[in-house]
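*Asks:* Have a look at the structure that comes next, please.
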Amino acid sequence: MGVADSEQRPRVRRKRMTGRERRQQLLEIGRELFAERGFDATSVEEIAARAGVSKPVVYEHFGGKEGIYAVVVDREMRTLLDMMGEALTADHARNRIEKAALGLLRYVEEDSVGFRVLTRDSHVASGTGSFASLINDIASQVEHIMADEFAERGYDPALAPMYAQALVGMWALTGQWWLEVRKPKREVVAAHLVNLAWNGLSSLEAKPKLQTRRRRSG
């Protein structure tokens, strides 16, 4: 092939992304980086480099990594809340617990990147951060269901928020643990969660008391 032939060959131009496509690309890249490294260790420079754009493009769309992180976290929280909300509409209390446990574990398994984003920079026990906020949102949904169940069974409905936090916290911490080990299978983990939760709830004492007593010094 001569020089003339190569000069006559038309150049292939890359299609320029629309603003919407670029925004989505930056969100996906940010999501991956936040899952891999966490918020603090992720930089605008790295997001821009992976996207093949300059830093000003990132600032133009989101104002910085904080803007990307906020959108990513909001999307993940809404996805998981929708899954849990659907599970909690089952017709029987035990079915609700089963579907909720399976829903959370399915999200962990099938959307592990999103779950890592939610859990990497905050801890369920810390009381702050995206994951703690998520747990509170889920617990608020569970709380109403538990309050109705408590009222029907003669327990104090005012205690439902505490029990909801305990139940959802158990699911969440187990999900964090299972994210890393992936053993046993999802259905097995869910079955054991339900075993602990349901058998515990079905045998609640109306007025529980601690059996251990402080020994008096002689």
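How things are named: the first chain in the structure tokens is A, the next is B, and so on; residues count from 1 in each chain; ligands count from 1 in the order shown.
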Do you know which residues are at most 12 Å from segment 192-196 of chain A counting only C-alpha atoms, after dropping those on the same chain fewer than 5 positions away, and could you put them as a list of chain:residue names?
*Replies:*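 Within the cut-off, the hits are A:Ala93, A:Arg94, A:Asn95, A:Arg96, A:Ile97, A:Glu98, A:Lys99, A:Ala100, A:Ala101, A:Leu102, A:Leu104, A:Leu105, A:Ala166, A:Leu167, A:Val168, A:Gly169, A:Met170, A:Trp171, A:Ala172, A:Leu173, A:Thr174, A:Gly175, A:Pro184, A:Lys185, A:Arg186, A:Glu187, A:Leu201, A:Ser202, A:Ser203.
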*Asks:* Hey, what does DSSP flag as alpha helix (DSSP H) within segment 75-215 of chain A? Can you give it to me as a PyMOL selection string?
*Replies:* chain A and resi 75-87+93-110+112-120+129-153+160-181+186-202
*Asks:* For a test of reading the model, state the distance in Å between atom CA of Val113 of chain A and atom CA of Leu80 of chain A, rounded to one decimal.
*Replies:*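 Going from atom CA of Val113 of chain A over to atom CA of Leu80 of chain A covers 12.6 Å.
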*Asks:* Which residue is closest to Tyr59 of chain A? Choose from A:Arg75, A:Arg23, A:Lys209, A:Arg116 and count only C-alpha atoms.
*Replies:*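 Looking only at the distances to Tyr59 of chain A, the closest residue turns out to be A:Arg23.
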*Asks:* In Å, with one decimal, what is the gap from atom CA of Pro56 of chain A to atom CA of Val44 of chain A?
*Replies:*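 If I compute the distance from atom CA of Pro56 of chain A to atom CA of Val44 of chain A, I get 9.4 Å.
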*Asks:* Write out as a PyMOL selection string the residues lying within 12 Å of Arg153 of chain A, counting only C-alpha atoms and excluding same-chain residues fewer than 2 positions away.
*Replies:* chain A and resi 146-151+155-157+201-206
*Asks:* Could you check the closest approach to Leu81 of chain A for each of A:Ser133, A:Ile145, A:Val181, A:Tyr163 and tell me which residue wins, using only C-alpha atoms?
*Replies:* A:Ser133
*Asks:* Would you mind listing what lies within 10 Å of Asp40 of chain A as a short mmCIF file (atom, residue, chain, number, x, y, z; two decimals) with all heavy atoms, in the first residue's frame, with only C-alpha atoms counted and same-chain residues fewer than 6 positions away left out?
*Replies:*
data_model
loop_
_atom_site.label_atom_id
_atom_site.label_comp_id
_atom_site.auth_asym_id
_atom_site.auth_seq_id
_atom_site.Cartn_x
_atom_site.Cartn_y
_atom_site.Cartn_z
N PHE A 34 -14.88 3.92 44.12
CA PHE A 34 -15.31 4.02 45.51
C PHE A 34 -15.41 2.64 46.15
O PHE A 34 -15.11 2.47 47.33
CB PHE A 34 -16.66 4.74 45.61
CG PHE A 34 -16.63 6.17 45.18
CD1 PHE A 34 -17.65 6.72 44.41
CD2 PHE A 34 -15.57 7.00 45.55
CE1 PHE A 34 -17.62 8.05 44.02
CE2 PHE A 34 -15.53 8.33 45.16
CZ PHE A 34 -16.56 8.86 44.39
N LYS A 65 -15.58 14.98 43.27
CA LYS A 65 -15.91 13.59 43.58
C LYS A 65 -17.06 13.49 44.59
O LYS A 65 -17.76 12.48 44.63
CB LYS A 65 -14.68 12.84 44.09
CG LYS A 65 -14.18 13.28 45.47
CD LYS A 65 -13.03 12.39 45.93
CE LYS A 65 -12.56 12.77 47.34
NZ LYS A 65 -11.48 11.88 47.83
N ASP A 121 -17.05 3.04 53.60
CA ASP A 121 -16.70 4.27 54.32
C ASP A 121 -17.52 4.52 55.57
O ASP A 121 -17.40 5.55 56.19
CB ASP A 121 -16.83 5.47 53.38
CG ASP A 121 -15.80 5.44 52.28
OD1 ASP A 121 -14.60 5.44 52.60
OD2 ASP A 121 -16.19 5.36 51.10
#
*Asks:* Enter the distance from atom CA of Ala158 of chain A to atom CA of Asn136 of chain A, in Å, rounded to one decimal.
*Replies:*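 Atom-to-atom, atom CA of Ala158 of chain A to atom CA of Asn136 of chain A, that is 16.6 Å.
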*Asks:* Which neighbours of Ser112 of chain A fall inside 12 Å, counting only C-alpha atoms, when residues of the same chain fewer than 5 positions from it are skipped, and could you give them as a list of chain:residue names?
*Replies:*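 Selected residues are A:Arg31, A:Glu32, A:Ala35, A:Glu36, A:Glu76, A:Leu80, A:Leu104, A:Leu105, A:Arg106, A:Tyr107, A:Val117, A:Leu118, A:Thr119, A:Arg120, A:Gly175, A:Gln176, A:Trp178, A:Leu179, A:Glu180, A:Arg182.
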